[in-house]
Amino acid sequence: CKINKDEVIGSTCDVTFKEINEINAKIRPDLLSLVHSDFFKYFKLNLYKQCPFWNDNNGYCVNRACAVDVIEDWEKLPEYWQPEVLGGLADESVEVDGSKDDECAFLDQLCDKARNGIVDQPDFNYCDVGDFHNNESVLVDLTANPERFTGYGGDQSSQIWSSIYRENCFSSDHEDQCLAKDAFYRLVSGLHASIGTHLSNDYLNTETAKWGPNLDLFMARVGNFPDRVANIYFNYAVVAKALWKIQPYLAHLDFCNAYHEDVKSMIESVVSNLDSKIFNENLLFQDQISSSLKDDFRTRFKNVTTIMDCVHCDRCRLWGKVQTTGYATGLKILFEIDSEDEAARQNVVDKLTKYELIALFNTFDRLSKSIESINNFEKMYNEKVQST
Ligand code: FAD
């Protein structure tokens, strides 16, 4: 309500709120269908890791709303999600068919990183990609476990958020630090605000026992803070630019021999509406000196993804992990793919895993849904003001 939609979002993002609203309105239907497709709706993760930062594994969220339903009935899943095809789930040592179709090379890498014996050296990851291949990992249908109000809160969630914000303390005094620090803060605050938007939009009214939007809650968490709204738009721009940047590779996706033309055309339709000017990643970490700053940024963001293991509410942890993995993937694409250097670019793209791609698209969907909800809340707010 207090935002001028013709203003640019700022920092390294040179598009207006209005322009992002327009892009979002165009891509929303396809993006929604995409994250409901069989390929994009399943995510594999370790939900039961110990919190490595503090000794607090006793607390847990007792609400049913905090629970996650994991997939146990594998036979109902499509062929390419069966354990033997996934490789990492049942048997990591499945033999590889040496003859590789060039068209499929990129996706082969996405399908099963373990089979190709790739070692992350140097480590340019912004999250721990080992989680996907862990023995304790479970497969979750994201559409059956929506991100919404869970009742998680109090000291437990405050502690998580304050530890996340504490990661935004860079040691370097390099002049680029300010921009990097600003970007880091906006990413975290945008994630926080996006979660706040979802829990307000899909809120359980205990009097009517119905789920629906709660305007007062939204205003208290997000709407009354223009910077928080702007940070959601900033994150949208970051993830959109990452998708734009891998567009040439996405066109060759072949989904592990279970090729779905409709999914491919939805990806194309979403990504073709994105524009390179949406975010200028080149303004950050421009020279050699700032490469140590970039290392610091990467390590700190990785810590944010690890802090998700300390979240007591399973459902919140699930979506926290999906989204921090999505941002980590986006940041890797933005900051580690040098558009001038084809070999370096290929190196990063080849090592992307299927789960990073799934997280990236689902994170984009979460931001897209947040922006749609913000516009709905604005209408509700205006109607409320007019009627009083
Ligand atoms: P909190 O949201 O806990 O915020 C703490 C303080 O941070 C605030 O007092 C404020 O000063 C500051 N702050 C708040 N928002 C921002 C912002 N955007 N930018 C900068 N500063 C800010 N709850 C659910 O119901 N459903 C979920 O799916 C869910 N997922 C979660 C995932 C994670 C990873 C975490 C840590 C928490 C999640 N929660 C979820 C809990 C939710 O985020 C809140 O912590 C909880 O609702 C309590 O809110 P609060 O008003 O006490 O303040």
# chains A, B, ... in the order shown; residues from 1 in each chain; ligands from 1
call {"tool": "residues_around", "arguments": {"residues": "Gly326 (chain A)", "least_positions_apart": "6", "cutoff": "8 Å", "atoms": "only C-alpha atoms", "output": "MDAnalysis selection string"}}
result
chainID A and resid 356:364
call {"tool": "closest_atom_pairs", "arguments": {"of": "chain A", "to": "ligand 1", "cutoff": "8 Å", "atoms": "only C-alpha atoms and all ligand atoms", "output": "JSON lines"}}
result
{"residue": "A:Cys66", "atom": "CA", "partner": "ligand 1", "partner_atom_place_in_ligand_line": "26 (N)", "distance": 8.0}
{"residue": "A:Glu147", "atom": "CA", "partner": "ligand 1", "partner_atom_place_in_ligand_line": "28 (O)", "distance": 4.8}
{"residue": "A:Arg148", "atom": "CA", "partner": "ligand 1", "partner_atom_place_in_ligand_line": "26 (N)", "distance": 4.8}
{"residue": "A:Phe149", "atom": "CA", "partner": "ligand 1", "partner_atom_place_in_ligand_line": "25 (O)", "distance": 3.4}
{"residue": "A:Thr150", "atom": "CA", "partner": "ligand 1", "partner_atom_place_in_ligand_line": "25 (O)", "distance": 3.8}
{"residue": "A:Gly151", "atom": "CA", "partner": "ligand 1", "partner_atom_place_in_ligand_line": "25 (O)", "distance": 4.9}
{"residue": "A:Tyr152", "atom": "CA", "partner": "ligand 1", "partner_atom_place_in_ligand_line": "23 (N)", "distance": 4.9}
{"residue": "A:Gly153", "atom": "CA", "partner": "ligand 1", "partner_atom_place_in_ligand_line": "48 (C)", "distance": 3.9}
{"residue": "A:Gly154", "atom": "CA", "partner": "ligand 1", "partner_atom_place_in_ligand_line": "52 (O)", "distance": 5.7}
{"residue": "A:Asp155", "atom": "CA", "partner": "ligand 1", "partner_atom_place_in_ligand_line": "52 (O)", "distance": 7.9}
{"residue": "A:Gln156", "atom": "CA", "partner": "ligand 1", "partner_atom_place_in_ligand_line": "45 (O)", "distance": 8.0}
{"residue": "A:Ser157", "atom": "CA", "partner": "ligand 1", "partner_atom_place_in_ligand_line": "45 (O)", "distance": 4.5}
{"residue": "A:Ser158", "atom": "CA", "partner": "ligand 1", "partner_atom_place_in_ligand_line": "3 (O)", "distance": 4.4}
{"residue": "A:Gln159", "atom": "CA", "partner": "ligand 1", "partner_atom_place_in_ligand_line": "36 (C)", "distance": 7.9}
{"residue": "A:Ile160", "atom": "CA", "partner": "ligand 1", "partner_atom_place_in_ligand_line": "36 (C)", "distance": 4.9}
{"residue": "A:Trp161", "atom": "CA", "partner": "ligand 1", "partner_atom_place_in_ligand_line": "36 (C)", "distance": 5.2}
{"residue": "A:Ser162", "atom": "CA", "partner": "ligand 1", "partner_atom_place_in_ligand_line": "7 (O)", "distance": 7.1}
{"residue": "A:Arg186", "atom": "CA", "partner": "ligand 1", "partner_atom_place_in_ligand_line": "19 (N)", "distance": 7.8}
{"residue": "A:Val188", "atom": "CA", "partner": "ligand 1", "partner_atom_place_in_ligand_line": "19 (N)", "distance": 7.2}
{"residue": "A:Ser189", "atom": "CA", "partner": "ligand 1", "partner_atom_place_in_ligand_line": "19 (N)", "distance": 3.7}
{"residue": "A:Gly190", "atom": "CA", "partner": "ligand 1", "partner_atom_place_in_ligand_line": "18 (N)", "distance": 5.7}
{"residue": "A:Leu191", "atom": "CA", "partner": "ligand 1", "partner_atom_place_in_ligand_line": "18 (N)", "distance": 7.0}
{"residue": "A:His192", "atom": "CA", "partner": "ligand 1", "partner_atom_place_in_ligand_line": "18 (N)", "distance": 4.5}
{"residue": "A:Ala193", "atom": "CA", "partner": "ligand 1", "partner_atom_place_in_ligand_line": "18 (N)", "distance": 3.7}
{"residue": "A:Ser194", "atom": "CA", "partner": "ligand 1", "partner_atom_place_in_ligand_line": "18 (N)", "distance": 7.4}
{"residue": "A:Ile195", "atom": "CA", "partner": "ligand 1", "partner_atom_place_in_ligand_line": "30 (N)", "distance": 5.8}
{"residue": "A:Gly196", "atom": "CA", "partner": "ligand 1", "partner_atom_place_in_ligand_line": "43 (O)", "distance": 5.9}
{"residue": "A:His198", "atom": "CA", "partner": "ligand 1", "partner_atom_place_in_ligand_line": "28 (O)", "distance": 7.2}
{"residue": "A:Leu199", "atom": "CA", "partner": "ligand 1", "partner_atom_place_in_ligand_line": "25 (O)", "distance": 4.9}
{"residue": "A:Ser200", "atom": "CA", "partner": "ligand 1", "partner_atom_place_in_ligand_line": "25 (O)", "distance": 8.0}
{"residue": "A:Tyr203", "atom": "CA", "partner": "ligand 1", "partner_atom_place_in_ligand_line": "25 (O)", "distance": 7.9}
{"residue": "A:Ala220", "atom": "CA", "partner": "ligand 1", "partner_atom_place_in_ligand_line": "51 (O)", "distance": 7.9}
{"residue": "A:Arg221", "atom": "CA", "partner": "ligand 1", "partner_atom_place_in_ligand_line": "15 (N)", "distance": 6.0}
{"residue": "A:Val222", "atom": "CA", "partner": "ligand 1", "partner_atom_place_in_ligand_line": "18 (N)", "distance": 6.5}
{"residue": "A:Asp227", "atom": "CA", "partner": "ligand 1", "partner_atom_place_in_ligand_line": "19 (N)", "distance": 7.7}
{"residue": "A:Arg228", "atom": "CA", "partner": "ligand 1", "partner_atom_place_in_ligand_line": "18 (N)", "distance": 4.8}
{"residue": "A:Val229", "atom": "CA", "partner": "ligand 1", "partner_atom_place_in_ligand_line": "18 (N)", "distance": 7.8}
{"residue": "A:Asn231", "atom": "CA", "partner": "ligand 1", "partner_atom_place_in_ligand_line": "18 (N)", "distance": 7.7}
{"residue": "A:Met308", "atom": "CA", "partner": "ligand 1", "partner_atom_place_in_ligand_line": "34 (C)", "distance": 5.8}
{"residue": "A:Val311", "atom": "CA", "partner": "ligand 1", "partner_atom_place_in_ligand_line": "36 (C)", "distance": 6.1}
{"residue": "A:Cys313", "atom": "CA", "partner": "ligand 1", "partner_atom_place_in_ligand_line": "31 (C)", "distance": 7.7}
{"residue": "A:Arg315", "atom": "CA", "partner": "ligand 1", "partner_atom_place_in_ligand_line": "28 (O)", "distance": 6.3}
{"residue": "A:Cys316", "atom": "CA", "partner": "ligand 1", "partner_atom_place_in_ligand_line": "30 (N)", "distance": 3.8}
{"residue": "A:Arg317", "atom": "CA", "partner": "ligand 1", "partner_atom_place_in_ligand_line": "34 (C)", "distance": 5.8}
{"residue": "A:Trp319", "atom": "CA", "partner": "ligand 1", "partner_atom_place_in_ligand_line": "28 (O)", "distance": 6.5}
{"residue": "A:Gly320", "atom": "CA", "partner": "ligand 1", "partner_atom_place_in_ligand_line": "34 (C)", "distance": 4.4}
{"residue": "A:Lys321", "atom": "CA", "partner": "ligand 1", "partner_atom_place_in_ligand_line": "34 (C)", "distance": 7.6}
call {"tool": "write_last_selection", "arguments": {"atoms": "C-alpha atoms", "output": "CSV table (one decimal), in the first residue's frame"}}
result
chain,number,residue,atom,x,y,z
A,66,CYS,CA,3.5,-29.1,11.3
A,147,GLU,CA,3.3,-24.3,2.8
A,148,ARG,CA,0.8,-22.6,5.1
A,149,PHE,CA,0.0,-21.6,8.6
A,150,THR,CA,1.3,-24.2,11.1
A,151,GLY,CA,1.2,-22.4,14.4
A,152,TYR,CA,5.0,-22.6,14.7
A,153,GLY,CA,6.3,-19.6,16.5
A,154,GLY,CA,7.5,-18.2,19.9
A,155,ASP,CA,11.1,-18.4,21.1
A,156,GLN,CA,11.9,-21.4,18.9
A,157,SER,CA,11.2,-19.7,15.5
A,158,SER,CA,12.6,-16.4,16.7
A,159,GLN,CA,15.9,-18.1,17.6
A,160,ILE,CA,16.1,-19.5,14.0
A,161,TRP,CA,15.4,-16.2,12.4
A,162,SER,CA,17.9,-14.3,14.5
A,186,ARG,CA,17.3,-8.8,1.1
A,188,VAL,CA,16.9,-13.5,3.9
A,189,SER,CA,14.3,-10.9,4.6
A,190,GLY,CA,12.5,-11.7,1.3
A,191,LEU,CA,12.4,-15.4,2.3
A,192,HIS,CA,11.0,-14.5,5.7
A,193,ALA,CA,8.4,-12.1,4.2
A,194,SER,CA,7.4,-14.7,1.6
A,195,ILE,CA,6.8,-17.3,4.4
A,196,GLY,CA,4.8,-14.6,6.3
A,198,HIS,CA,2.0,-17.7,2.7
A,199,LEU,CA,1.0,-18.3,6.3
A,200,SER,CA,-1.3,-15.3,6.3
A,203,TYR,CA,-4.4,-19.3,7.5
A,220,ALA,CA,1.2,-7.1,10.8
A,221,ARG,CA,3.8,-9.4,9.3
A,222,VAL,CA,4.5,-8.0,5.8
A,227,ASP,CA,10.9,-3.0,2.6
A,228,ARG,CA,9.7,-6.5,3.3
A,229,VAL,CA,7.3,-6.4,0.3
A,231,ASN,CA,12.5,-7.8,-0.7
A,308,MET,CA,17.1,-25.3,8.4
A,311,VAL,CA,13.7,-25.8,12.6
A,313,CYS,CA,8.3,-27.9,12.7
A,315,ARG,CA,6.4,-28.8,7.5
A,316,CYS,CA,8.3,-25.4,8.0
A,317,ARG,CA,11.6,-27.2,7.7
A,319,TRP,CA,9.6,-25.6,2.8
A,320,GLY,CA,12.6,-23.9,4.4
A,321,LYS,CA,14.9,-26.5,2.9
call {"tool": "closest_residue", "arguments": {"among": "A:Glu281, A:Glu22, A:Asp6, A:Asp69", "to": "Asp338 (chain A)", "atoms": "only C-alpha atoms"}}
result
A:Glu281
call {"tool": "closest_residue", "arguments": {"among": "A:His260, A:Asp314, A:Ile278, A:Lys41", "to": "Val68 (chain A)", "atoms": "only C-alpha atoms"}}
result
A:Asp314
call {"tool": "residues_around", "arguments": {"residues": "Ile267 (chain A)", "least_positions_apart": "2", "cutoff": "9 Å", "atoms": "only C-alpha atoms", "output": "ChimeraX atom specification"}}
result
/A:30-31,34,250-251,262-265,269-272
call {"tool": "closest_atom_pairs", "arguments": {"of": "region 283-329 of chain A", "to": "region 123-127 of chain A", "cutoff": "6 Å", "atoms": "only C-alpha atoms", "output": "JSON lines"}}
result
{"residue": "A:Arg298", "atom": "CA", "partner": "A:Tyr126", "partner_atom": "CA", "distance": 5.2}
{"residue": "A:Phe301", "atom": "CA", "partner": "A:Tyr126", "partner_atom": "CA", "distance": 5.9}
{"residue": "A:Lys302", "atom": "CA", "partner": "A:Cys127", "partner_atom": "CA", "distance": 4.5}
{"residue": "A:Thr305", "atom": "CA", "partner": "A:Cys127", "partner_atom": "CA", "distance": 5.9}
{"residue": "A:Ala328", "atom": "CA", "partner": "A:Tyr126", "partner_atom": "CA", "distance": 4.7}
call {"tool": "closest_residue", "arguments": {"among": "A:Phe132, A:Tyr327, A:Phe218, A:Tyr249", "to": "Arg345 (chain A)", "atoms": "only C-alpha atoms"}}
result
A:Tyr249
call {"tool": "residues_around", "arguments": {"residues": "Val138 (chain A)", "least_positions_apart": "2", "cutoff": "9 Å", "atoms": "only C-alpha atoms", "output": "NGL selection string"}}
result
:A and (43-47 or 70-72 or 89 or 132 or 134-136 or 140)
call {"tool": "residues_around", "arguments": {"residues": "Ala240 (chain A)", "least_positions_apart": "5", "cutoff": "9 Å", "atoms": "only C-alpha atoms", "output": "CSV table (one decimal) with N, CA, C and O atoms, in the first residue's frame"}}
result
chain,number,residue,atom,x,y,z
A,235,ASN,N,13.8,-10.9,-4.5
A,235,ASN,CA,14.1,-12.3,-4.6
A,235,ASN,C,13.5,-12.9,-5.9
A,235,ASN,O,14.1,-13.8,-6.5
A,245,LYS,N,19.2,-17.3,-17.1
A,245,LYS,CA,20.6,-17.6,-17.5
A,245,LYS,C,20.8,-19.1,-17.9
A,245,LYS,O,21.7,-19.3,-18.7
A,271,VAL,N,10.0,-19.4,-18.9
A,271,VAL,CA,11.3,-18.7,-19.0
A,271,VAL,C,11.4,-17.7,-20.2
A,271,VAL,O,12.1,-16.7,-20.1
A,274,LEU,N,10.8,-14.1,-19.3
A,274,LEU,CA,11.8,-13.4,-18.4
A,274,LEU,C,12.8,-12.6,-19.2
A,274,LEU,O,13.0,-12.9,-20.4
A,275,ASP,N,13.4,-11.6,-18.5
A,275,ASP,CA,14.2,-10.7,-19.3
A,275,ASP,C,15.5,-10.6,-18.5
A,275,ASP,O,15.6,-10.5,-17.3
A,276,SER,N,16.6,-10.4,-19.3
A,276,SER,CA,17.9,-10.4,-18.6
A,276,SER,C,18.1,-9.2,-17.7
A,276,SER,O,18.8,-9.2,-16.8
A,278,ILE,N,16.2,-8.0,-15.6
A,278,ILE,CA,15.5,-8.1,-14.3
A,278,ILE,C,16.5,-8.0,-13.1
A,278,ILE,O,16.1,-7.5,-12.1
A,279,PHE,N,17.7,-8.5,-13.3
A,279,PHE,CA,18.7,-8.5,-12.2
A,279,PHE,C,20.1,-8.4,-12.8
A,279,PHE,O,20.4,-9.1,-13.7
A,330,GLY,N,20.0,-20.8,-7.3
A,330,GLY,CA,20.0,-19.5,-8.1
A,330,GLY,C,21.3,-18.7,-8.0
A,330,GLY,O,21.9,-18.2,-8.9
A,364,PHE,N,10.7,-20.4,-7.2
A,364,PHE,CA,10.1,-19.3,-8.0
A,364,PHE,C,8.6,-19.3,-7.9
A,364,PHE,O,8.0,-18.3,-7.8
